[in-house]
$ cat data32.txt   # compact mmCIF, C-alpha atoms and all ligand atoms
# COMPACT_ATOMS: atom_id res chain seq x y z
CA ARG O 1 80.14 -9.43 -71.83
CA ILE O 2 82.03 -6.35 -70.75
CA ALA O 3 83.28 -5.57 -67.22
CA TYR O 4 84.58 -2.38 -65.62
CA VAL O 5 87.94 -2.43 -63.83
CA ASP O 6 89.35 0.77 -62.37
CA GLY O 7 88.18 3.16 -65.04
CA ARG O 8 88.48 0.80 -68.01
CA PHE O 9 85.98 -1.35 -69.86
CA VAL O 10 87.40 -4.78 -70.65
CA PRO O 11 86.08 -8.12 -71.91
CA HIS O 12 84.53 -9.96 -68.97
CA ASN O 13 86.71 -13.07 -69.33
CA ALA O 14 89.89 -10.96 -69.33
CA ALA O 15 88.86 -8.72 -66.39
CA ALA O 16 91.19 -9.15 -63.41
CA ILE O 17 92.42 -7.49 -60.24
CA HIS O 18 95.79 -7.87 -58.52
CA ILE O 19 96.40 -10.87 -56.24
CA GLU O 20 97.27 -8.46 -53.45
CA ASP O 21 94.09 -6.45 -53.75
CA ARG O 22 92.83 -6.34 -50.16
CA SER O 23 89.48 -7.83 -51.19
CA VAL O 24 91.35 -11.08 -51.86
CA GLN O 25 93.23 -11.43 -48.53
CA PHE O 26 90.89 -9.63 -46.13
CA ALA O 27 87.52 -9.23 -47.84
CA ASP O 28 88.38 -5.56 -47.28
CA ALA O 29 85.79 -4.26 -49.72
CA VAL O 30 82.16 -3.24 -50.01
CA TYR O 31 79.67 -3.80 -52.80
CA GLU O 32 76.28 -2.81 -54.15
CA VAL O 33 73.81 -4.52 -56.46
CA TRP O 34 71.29 -2.54 -58.52
CA GLY O 35 68.33 -4.04 -60.30
CA VAL O 36 68.16 -2.93 -63.94
CA LYS O 37 64.76 -2.65 -65.60
CA ASP O 38 64.48 -1.47 -69.22
CA GLY O 39 68.04 -0.19 -68.99
CA ALA O 40 67.37 1.97 -65.91
CA LEU O 41 68.95 1.60 -62.45
CA LEU O 42 66.30 0.83 -59.82
CA ASP O 43 66.49 2.68 -56.49
CA SER O 44 69.64 4.31 -57.83
CA ASP O 45 70.16 6.98 -55.16
CA GLY O 46 69.39 4.60 -52.30
CA HIS O 47 72.14 2.24 -53.40
CA PHE O 48 74.67 5.06 -53.88
CA THR O 49 73.83 6.47 -50.46
CA ARG O 50 74.30 3.05 -48.85
CA LEU O 51 77.58 2.56 -50.76
CA GLU O 52 78.87 5.86 -49.37
CA ARG O 53 77.80 4.81 -45.89
CA SER O 54 79.46 1.36 -46.15
CA LEU O 55 82.69 2.99 -47.37
CA GLY O 56 82.52 5.58 -44.60
CA GLU O 57 82.08 2.93 -41.89
CA LEU O 58 85.23 1.17 -43.15
CA LYS O 59 87.13 4.44 -43.75
CA ILE O 60 87.61 3.66 -47.44
CA ALA O 61 87.61 6.80 -49.58
CA MET O 62 84.83 7.17 -52.16
CA PRO O 63 86.93 6.46 -55.29
CA VAL O 64 85.19 9.00 -57.54
CA GLY O 65 82.07 11.12 -57.19
CA ARG O 66 78.62 9.57 -57.32
CA GLU O 67 77.86 11.12 -60.73
CA ALA O 68 81.03 9.71 -62.30
CA LEU O 69 80.33 6.31 -60.80
CA ALA O 70 76.74 6.37 -62.08
CA GLU O 71 78.06 7.32 -65.53
CA ALA O 72 80.41 4.31 -65.46
CA LEU O 73 77.51 2.03 -64.56
CA PHE O 74 75.35 3.39 -67.39
CA GLU O 75 78.23 2.93 -69.81
CA LEU O 76 78.50 -0.67 -68.57
CA ILE O 77 74.76 -1.16 -69.15
CA ARG O 78 75.09 0.29 -72.67
CA ARG O 79 78.14 -1.76 -73.58
CA ASN O 80 76.41 -4.95 -72.42
CA ARG O 81 73.14 -3.95 -74.11
CA LEU O 82 71.52 -4.83 -70.79
CA ARG O 83 67.75 -4.34 -70.57
CA ASN O 84 66.78 -6.39 -67.51
CA GLY O 85 69.26 -7.69 -64.98
CA LEU O 86 71.70 -6.65 -62.32
CA VAL O 87 74.72 -4.41 -61.99
CA TYR O 88 77.33 -5.38 -59.37
CA LEU O 89 79.81 -2.78 -58.09
CA GLN O 90 82.66 -3.49 -55.69
CA VAL O 91 85.08 -1.06 -54.08
CA SER O 92 88.08 -2.46 -52.23
CA ARG O 93 90.64 -0.60 -50.13
CA GLY O 94 93.12 -1.27 -52.92
CA LYS O 95 96.31 -3.16 -53.62
CA ALA O 96 99.01 -3.30 -50.95
CA ARG O 97 101.54 -5.71 -49.42
CA ARG O 98 99.73 -7.97 -46.99
CA ASP O 99 99.35 -6.32 -43.59
CA HIS O 100 96.15 -6.23 -41.55
CA ALA O 101 96.44 -2.50 -40.79
CA PHE O 102 95.35 -0.04 -43.49
CA PRO O 103 97.90 0.91 -46.15
CA GLY O 104 98.97 4.57 -46.53
CA PRO O 105 96.98 7.23 -48.37
CA ASP O 106 98.90 6.58 -51.60
CA VAL O 107 96.97 3.30 -52.01
CA LYS O 108 93.81 4.04 -53.98
CA PRO O 109 90.53 2.08 -53.82
CA CYS O 110 89.97 -0.45 -56.59
CA VAL O 111 86.60 -0.35 -58.35
CA ILE O 112 85.15 -3.21 -60.36
CA ALA O 113 81.70 -3.63 -61.87
CA THR O 114 79.89 -6.31 -63.83
CA ALA O 115 76.51 -6.59 -65.51
CA LYS O 116 74.33 -9.68 -65.60
CA ARG O 117 71.21 -10.45 -67.57
CA VAL O 118 68.18 -11.75 -65.66
CA ASP O 119 65.30 -13.56 -67.29
CA PHE O 120 62.47 -11.36 -66.07
CA ALA O 121 59.77 -13.80 -67.22
CA ALA O 122 61.41 -16.60 -65.19
CA LEU O 123 61.46 -14.34 -62.13
CA VAL O 124 57.74 -13.61 -62.53
CA LYS O 125 57.09 -17.34 -62.83
CA LYS O 126 59.08 -18.00 -59.66
CA ALA O 127 57.04 -15.36 -57.84
CA GLU O 128 53.86 -17.19 -58.85
CA THR O 129 55.10 -20.34 -57.09
CA GLY O 130 57.04 -18.80 -54.22
CA ILE O 131 60.12 -20.15 -52.49
CA ALA O 132 61.01 -22.40 -49.56
CA VAL O 133 63.23 -21.12 -46.76
CA LYS O 134 65.26 -22.96 -44.15
CA THR O 135 66.04 -21.45 -40.78
CA MET O 136 69.46 -21.62 -39.17
CA PRO O 137 71.53 -19.76 -36.59
CA ASP O 138 72.94 -16.42 -37.70
CA GLN O 139 76.72 -16.88 -37.52
CA ARG O 140 77.74 -13.54 -38.98
CA TRP O 141 79.70 -10.71 -37.37
CA ALA O 142 78.24 -7.77 -35.45
CA ARG O 143 78.23 -5.27 -38.35
CA CYS O 144 75.73 -6.75 -40.78
CA ASP O 145 74.63 -3.17 -41.56
CA ILE O 146 77.76 -2.73 -43.71
CA LYS O 147 77.49 -4.29 -47.17
CA THR O 148 80.92 -5.94 -47.21
CA VAL O 149 82.08 -8.79 -49.44
CA SER O 150 82.88 -10.75 -46.27
CA LEU O 151 80.01 -13.15 -46.97
CA LEU O 152 81.26 -16.56 -45.86
CA ALA O 153 78.55 -17.10 -43.22
CA ASN O 154 75.94 -16.06 -45.81
CA VAL O 155 77.47 -18.44 -48.35
CA LEU O 156 77.37 -21.37 -45.91
CA ALA O 157 73.79 -20.60 -44.93
CA LYS O 158 72.59 -20.38 -48.54
CA GLN O 159 74.36 -23.64 -49.40
CA ALA O 160 72.83 -25.42 -46.39
CA ALA O 161 69.41 -24.15 -47.48
CA LYS O 162 70.02 -25.32 -51.03
CA GLU O 163 71.03 -28.79 -49.84
CA THR O 164 67.60 -29.20 -48.24
CA GLY O 165 65.83 -28.01 -51.39
CA ALA O 166 65.16 -24.49 -50.06
CA GLN O 167 66.01 -21.32 -52.00
CA GLU O 168 66.87 -19.03 -49.09
CA ALA O 169 68.08 -19.29 -45.49
CA TRP O 170 66.41 -17.30 -42.74
CA LEU O 171 68.95 -16.54 -40.05
CA THR O 172 67.92 -16.48 -36.41
CA ASP O 173 69.49 -14.68 -33.47
CA ARG O 174 70.12 -16.24 -30.04
CA ASP O 175 66.61 -15.36 -28.88
CA GLY O 176 64.97 -17.16 -31.81
CA PHE O 177 64.09 -14.01 -33.74
CA VAL O 178 64.67 -13.90 -37.48
CA THR O 179 67.36 -11.39 -38.42
CA GLU O 180 67.10 -11.59 -42.23
CA GLY O 181 67.81 -13.88 -45.17
CA SER O 182 71.31 -14.80 -46.36
CA SER O 183 70.87 -12.28 -49.19
CA SER O 184 67.51 -10.68 -48.48
CA ASN O 185 65.33 -9.04 -45.83
CA ALA O 186 62.59 -11.12 -44.19
CA TRP O 187 58.91 -10.10 -43.87
CA ILE O 188 55.66 -11.56 -42.64
CA VAL O 189 52.00 -10.56 -42.77
CA THR O 190 50.27 -11.30 -39.45
CA PRO O 191 46.83 -12.97 -39.24
CA GLU O 192 45.49 -9.44 -38.54
CA GLY O 193 47.02 -8.21 -41.81
CA ALA O 194 49.94 -6.18 -40.41
CA LEU O 195 53.18 -6.07 -42.36
CA VAL O 196 56.16 -6.88 -40.12
CA THR O 197 59.91 -6.63 -40.67
CA ARG O 198 62.85 -6.34 -38.29
CA PRO O 199 64.04 -2.79 -37.52
CA ALA O 200 67.29 -1.63 -39.11
CA SER O 201 70.23 -2.10 -36.75
CA ASN O 202 73.71 -3.60 -36.83
CA ALA O 203 72.03 -7.04 -37.00
CA ILE O 204 70.74 -6.65 -40.57
CA LEU O 205 71.52 -5.00 -43.86
CA ASN O 206 69.05 -2.18 -44.29
CA GLY O 207 67.82 -3.24 -47.72
CA ILE O 208 67.08 -0.56 -50.27
CA THR O 209 64.16 -2.66 -51.50
CA ARG O 210 63.06 -2.92 -47.86
CA ARG O 211 63.12 0.87 -47.47
CA THR O 212 61.29 1.54 -50.69
CA LEU O 213 58.69 -1.07 -49.81
CA ILE O 214 58.11 0.53 -46.39
CA SER O 215 57.21 3.81 -48.07
CA VAL O 216 55.05 2.03 -50.65
CA ALA O 217 53.20 0.23 -47.82
CA GLN O 218 52.76 3.43 -45.83
CA GLY O 219 51.53 5.23 -48.94
CA ARG O 220 48.85 2.57 -49.26
CA GLY O 221 47.78 3.00 -45.65
CA LEU O 222 48.83 -0.52 -44.62
CA THR O 223 49.52 -1.35 -40.97
CA PHE O 224 53.28 -1.63 -40.69
CA GLU O 225 55.16 -2.87 -37.63
CA GLU O 226 58.94 -2.58 -37.51
CA ARG O 227 59.80 -5.22 -34.92
CA PRO O 228 61.56 -8.59 -34.67
CA PHE O 229 59.48 -11.75 -35.20
CA THR O 230 60.21 -15.38 -34.30
CA VAL O 231 60.16 -18.44 -36.54
CA ASP O 232 57.00 -19.59 -34.70
CA GLU O 233 55.29 -16.30 -35.45
CA ALA O 234 56.31 -16.62 -39.10
CA LEU O 235 54.86 -20.14 -39.21
CA ALA O 236 51.57 -18.81 -37.84
CA ALA O 237 51.62 -15.84 -40.23
CA ARG O 238 49.19 -15.35 -43.09
CA GLU O 239 51.94 -14.59 -45.59
CA ALA O 240 55.72 -14.29 -45.75
CA PHE O 241 58.17 -12.94 -48.30
CA ILE O 242 61.69 -11.68 -48.87
CA THR O 243 62.98 -8.52 -50.51
CA ASN O 244 66.19 -7.74 -52.35
CA ALA O 245 67.34 -5.97 -55.49
CA SER O 246 67.63 -9.17 -57.52
CA SER O 247 64.18 -10.63 -56.87
CA MET O 248 62.35 -7.52 -55.60
CA LEU O 249 59.59 -9.24 -53.56
CA MET O 250 59.57 -13.03 -53.55
CA PRO O 251 56.81 -14.93 -51.71
CA VAL O 252 57.89 -17.49 -49.09
CA VAL O 253 55.52 -20.46 -49.10
CA THR O 254 57.26 -22.86 -46.70
CA ILE O 255 59.57 -22.50 -43.70
CA ASP O 256 61.52 -25.63 -42.73
CA GLY O 257 59.06 -27.64 -44.82
CA GLN O 258 55.95 -26.24 -43.07
CA PRO O 259 53.49 -24.20 -45.11
CA VAL O 260 53.00 -20.49 -44.47
CA GLY O 261 49.30 -19.62 -44.65
CA ASN O 262 47.75 -21.85 -47.33
CA GLY O 263 51.17 -22.70 -48.77
CA HIS O 264 50.74 -20.37 -51.75
CA PRO O 265 51.95 -16.81 -52.38
CA GLY O 266 49.83 -14.40 -50.33
CA SER O 267 47.53 -11.82 -51.90
CA LEU O 268 49.11 -8.85 -50.08
CA THR O 269 52.58 -10.07 -51.12
CA THR O 270 51.48 -10.25 -54.75
CA GLU O 271 49.83 -6.83 -54.56
CA LEU O 272 52.95 -5.29 -52.99
CA ARG O 273 55.19 -6.89 -55.57
CA THR O 274 53.34 -5.05 -58.34
CA ALA O 275 53.16 -1.83 -56.32
CA TYR O 276 56.89 -1.97 -55.55
CA GLN O 277 57.75 -2.59 -59.18
CA ASP O 278 55.62 0.31 -60.40
CA SER O 279 57.11 2.67 -57.86
CA ALA O 280 60.72 1.55 -58.43
CA VAL O 281 60.40 1.80 -62.21
CA ALA O 282 58.76 5.23 -61.95
CA ALA O 283 61.65 6.46 -59.78
CA ALA O 284 64.38 4.71 -61.79
CA HIS O 285 67.44 6.60 -62.96
CA LYS O 286 67.97 6.43 -66.71
N1 LIG O 301 70.21 -8.55 -46.50
C1 LIG O 301 71.31 -9.12 -47.03
C2 LIG O 301 72.20 -9.93 -46.16
C3 LIG O 301 71.59 -8.94 -48.40
O1 LIG O 301 72.69 -9.50 -48.94
C4 LIG O 301 70.69 -8.17 -49.21
C5 LIG O 301 70.93 -7.97 -50.63
O2 LIG O 301 71.58 -8.70 -51.31
C6 LIG O 301 69.57 -7.62 -48.60
C7 LIG O 301 69.36 -7.82 -47.24
C8 LIG O 301 68.59 -6.81 -49.40
O3 LIG O 301 69.13 -5.57 -49.74
P1 LIG O 301 68.65 -4.79 -51.05
O4 LIG O 301 67.17 -4.69 -50.98
O5 LIG O 301 69.32 -3.47 -50.96
O6 LIG O 301 69.11 -5.61 -52.21
$ encode --input "data32.txt" --output "structure tokens" --more "lines below"
Ligand code: PLP
Amino acid sequence: RIAYVDGRFVPHNAAAIHIEDRSVQFADAVYEVWGVKDGALLDSDGHFTRLERSLGELKIAMPVGREALAEALFELIRRNRLRNGLVYLQVSRGKARRDHAFPGPDVKPCVIATAKRVDFAALVKKAETGIAVKTMPDQRWARCDIKTVSLLANVLAKQAAKETGAQEAWLTDRDGFVTEGSSSNAWIVTPEGALVTRPASNAILNGITRRTLISVAQGRGLTFEERPFTVDEALAAREAFITNASSMLMPVVTIDGQPVGNGHPGSLTTELRTAYQDSAVAAAHK
């Protein structure tokens, strides 16, 4: 495997950043994850746009232009002979002596990227079974709209879910509404057939898969409601699923051990999974 570190391609097991890179001490960095299908970057522009926004919110300079960055990612895909998988990109504020306040303008952002193979057939199989989710209080900070590597609350939630045999955690706000998953957006299909997901705000990461799926759903004339929903509403829903770049759409079949609908992946979820895939692949950047 080959990784990218600040303009250079290096063997993955020798790839390293400095111990005083601010991502290490302060999680002062943002990241993006692209799905890769047949060597192409899925939702490429959406992820670059969100990267620029995340960097802007933290006042980290865009290290190089979008085109140069995309070129580096394609080179990474080529060098890893990656067909299906994920590309991870991280930009930190750079290396500086430890001090909470930003370093001076001479400190340049540090860019790293890795590529990972994903067994697409295994993912399809998982989607045929669906996943279990566990609900728990959302303990994250107030700027979940920024895709930072400060993921400790997400890590703890995912681990707690895993320890109960679930594959994802659904985080709930103080009023009992689901914000999102620990690494995904949360969706339900109401008994009336309406597609529901929480509106984008500081409380969630506005998923690129989420946004693409909204336009796919609207293109198909589906009833779409952008509003918060509670765990009780999700338990009474006909279908539920999550979205993210790594699994696209993944059906949710149980919540806290209780079945959603008939306890099997829903038909609309399955239909949307195919529709999303077709649309993302058609729009992919090669
Ligand atoms: N919400 C959180 C907290 C995430 O970490 C992710 C992605 O990993 C998402 C939502 C989904 O975002 P995307 O569809 O852009 O992958």
$ closest_atom_pairs --input "data32.txt" --of "stretch 120-147 of chain O" --to "stretch 77-86 of chain O" --cutoff "12 Å" --atoms "only C-alpha atoms" --output "CSV"
residue,atom,partner,partner_atom,distance
O:Phe120,CA,O:Asn84,CA,6.7
O:Ala121,CA,O:Asn84,CA,10.2
O:Ala122,CA,O:Asn84,CA,11.8
O:Leu123,CA,O:Gly85,CA,10.6
$ residues_near_ligand --input "data32.txt" --ligand "ligand LIG 301 (chain O)" --cutoff "8 Å" --atoms "only C-alpha atoms and all ligand atoms" --output "VMD selection string"
chain O and resid 32 to 34 47 144 147 154 180 to 185 204 to 211 243 to 246 248
$ closest_residue --input "data32.txt" --among "O:Ala236, O:Leu41, O:Ala217, O:Ile255" --to "O:Gly165" --atoms "all atoms listed in the file"
O:Ile255
$ closest_atom_pairs --input "data32.txt" --of "stretch 107-217 of chain O" --to "stretch 49-64 of chain O" --cutoff "8 Å" --atoms "only C-alpha atoms" --output "CSV"
residue,atom,partner,partner_atom,distance
O:Lys108,CA,O:Pro63,CA,7.4
O:Pro109,CA,O:Pro63,CA,5.9
O:Cys110,CA,O:Pro63,CA,7.7
O:Val111,CA,O:Pro63,CA,7.5
O:Ile146,CA,O:Ser54,CA,5.1
O:Lys147,CA,O:Ser54,CA,6.1
O:Thr148,CA,O:Ser54,CA,7.5
$ closest_atom_pairs --input "data32.txt" --of "stretch 146-195 of chain O" --to "stretch 228-234 of chain O" --cutoff "10 Å" --atoms "only C-alpha atoms" --output "CSV"
residue,atom,partner,partner_atom,distance
O:Trp170,CA,O:Val231,CA,8.9
O:Leu171,CA,O:Val231,CA,9.7
O:Thr172,CA,O:Val231,CA,8.0
O:Asp173,CA,O:Thr230,CA,9.3
O:Asp175,CA,O:Thr230,CA,8.4
O:Gly176,CA,O:Thr230,CA,5.7
O:Phe177,CA,O:Thr230,CA,4.2
O:Val178,CA,O:Thr230,CA,5.7
O:Thr179,CA,O:Pro228,CA,7.5
O:Glu180,CA,O:Pro228,CA,9.8
O:Ala186,CA,O:Phe229,CA,9.5
O:Trp187,CA,O:Ala234,CA,8.5
O:Ile188,CA,O:Ala234,CA,6.2
O:Val189,CA,O:Ala234,CA,8.3
O:Thr190,CA,O:Ala234,CA,8.1
O:Pro191,CA,O:Glu233,CA,9.9
$ closest_residue --input "data32.txt" --among "O:Leu222, O:Ile242, O:Ala113, O:Val196" --to "O:Gly130" --atoms "only C-alpha atoms"
O:Ile242
$ axis_aligned_box --input "data32.txt" --around "stretch 189-201 of chain O" --padding-each-side "8 Å" --output "JSON"
{"center_x": 57.9, "center_y": -7.3, "center_z": -39.8, "size_x": 40.7, "size_y": 27.3, "size_z": 22.0}
$ atom_distance --input "data32.txt" --atom1 "atom CA of O:Pro265" --atom2 "atom CA of O:Pro251"
5.3 Å
$ closest_residue --input "data32.txt" --among "O:Asp256, O:Glu67, O:Asp119, O:Glu226" --to "O:Val36" --atoms "only C-alpha atoms"
O:Asp119
$ atom_distance --input "data32.txt" --atom1 "atom CA of O:Thr114" --atom2 "atom CA of O:Tyr88"
5.2 Å
$ atom_distance --input "data32.txt" --atom1 "atom CA of O:Ala70" --atom2 "atom CA of O:Val10"
17.6 Å
$ decode --input "data32.txt" --residues "stretch 109-156 of chain O" --atoms "C-alpha atoms" --output "PDB file, in the first residue's frame"
ATOM      1  CA  PRO O 109      -1.069  22.809   6.573  1.00  0.00           C
ATOM      2  CA  CYS O 110      -0.065  19.146   6.526  1.00  0.00           C
ATOM      3  CA  VAL O 111      -1.885  16.900   4.052  1.00  0.00           C
ATOM      4  CA  ILE O 112      -2.047  13.129   4.305  1.00  0.00           C
ATOM      5  CA  ALA O 113      -4.085  10.633   2.314  1.00  0.00           C
ATOM      6  CA  THR O 114      -4.570   6.881   2.330  1.00  0.00           C
ATOM      7  CA  ALA O 115      -6.457   4.408   0.166  1.00  0.00           C
ATOM      8  CA  LYS O 116      -8.300   1.348   1.392  1.00  0.00           C
ATOM      9  CA  ARG O 117      -9.813  -1.554  -0.481  1.00  0.00           C
ATOM     10  CA  VAL O 118     -13.433  -2.473   0.301  1.00  0.00           C
ATOM     11  CA  ASP O 119     -14.965  -5.813  -0.550  1.00  0.00           C
ATOM     12  CA  PHE O 120     -17.932  -4.594  -2.559  1.00  0.00           C
ATOM     13  CA  ALA O 121     -19.600  -8.022  -2.614  1.00  0.00           C
ATOM     14  CA  ALA O 122     -19.447  -8.177   1.210  1.00  0.00           C
ATOM     15  CA  LEU O 123     -21.040  -4.729   1.405  1.00  0.00           C
ATOM     16  CA  VAL O 124     -23.887  -5.850  -0.865  1.00  0.00           C
ATOM     17  CA  LYS O 125     -24.370  -8.917   1.321  1.00  0.00           C
ATOM     18  CA  LYS O 126     -24.496  -6.752   4.442  1.00  0.00           C
ATOM     19  CA  ALA O 127     -27.132  -4.561   2.797  1.00  0.00           C
ATOM     20  CA  GLU O 128     -29.260  -7.658   2.198  1.00  0.00           C
ATOM     21  CA  THR O 129     -29.291  -8.369   5.944  1.00  0.00           C
ATOM     22  CA  GLY O 130     -29.231  -4.833   7.316  1.00  0.00           C
ATOM     23  CA  ILE O 131     -27.673  -3.602  10.533  1.00  0.00           C
ATOM     24  CA  ALA O 132     -28.621  -3.114  14.176  1.00  0.00           C
ATOM     25  CA  VAL O 133     -28.308   0.300  15.804  1.00  0.00           C
ATOM     26  CA  LYS O 134     -28.118   1.307  19.448  1.00  0.00           C
ATOM     27  CA  THR O 135     -29.307   4.689  20.648  1.00  0.00           C
ATOM     28  CA  MET O 136     -27.362   6.813  23.111  1.00  0.00           C
ATOM     29  CA  PRO O 137     -27.031  10.448  24.140  1.00  0.00           C
ATOM     30  CA  ASP O 138     -25.151  12.691  21.724  1.00  0.00           C
ATOM     31  CA  GLN O 139     -22.128  13.891  23.705  1.00  0.00           C
ATOM     32  CA  ARG O 140     -20.377  15.775  20.918  1.00  0.00           C
ATOM     33  CA  TRP O 141     -19.561  19.476  20.667  1.00  0.00           C
ATOM     34  CA  ALA O 142     -21.760  22.155  19.106  1.00  0.00           C
ATOM     35  CA  ARG O 143     -20.094  22.194  15.661  1.00  0.00           C
ATOM     36  CA  CYS O 144     -20.855  18.757  14.268  1.00  0.00           C
ATOM     37  CA  ASP O 145     -21.239  20.412  10.843  1.00  0.00           C
ATOM     38  CA  ILE O 146     -17.432  20.617  10.576  1.00  0.00           C
ATOM     39  CA  LYS O 147     -15.777  17.351   9.560  1.00  0.00           C
ATOM     40  CA  THR O 148     -12.944  17.451  12.106  1.00  0.00           C
ATOM     41  CA  VAL O 149     -10.819  14.536  13.302  1.00  0.00           C
ATOM     42  CA  SER O 150     -11.970  15.336  16.841  1.00  0.00           C
ATOM     43  CA  LEU O 151     -14.034  12.142  16.957  1.00  0.00           C
ATOM     44  CA  LEU O 152     -13.703  10.856  20.514  1.00  0.00           C
ATOM     45  CA  ALA O 153     -17.438  11.030  21.309  1.00  0.00           C
ATOM     46  CA  ASN O 154     -18.139   9.239  18.005  1.00  0.00           C
ATOM     47  CA  VAL O 155     -15.518   6.607  18.836  1.00  0.00           C
ATOM     48  CA  LEU O 156     -17.031   5.948  22.278  1.00  0.00           C
TER      49      LEU O 156
END
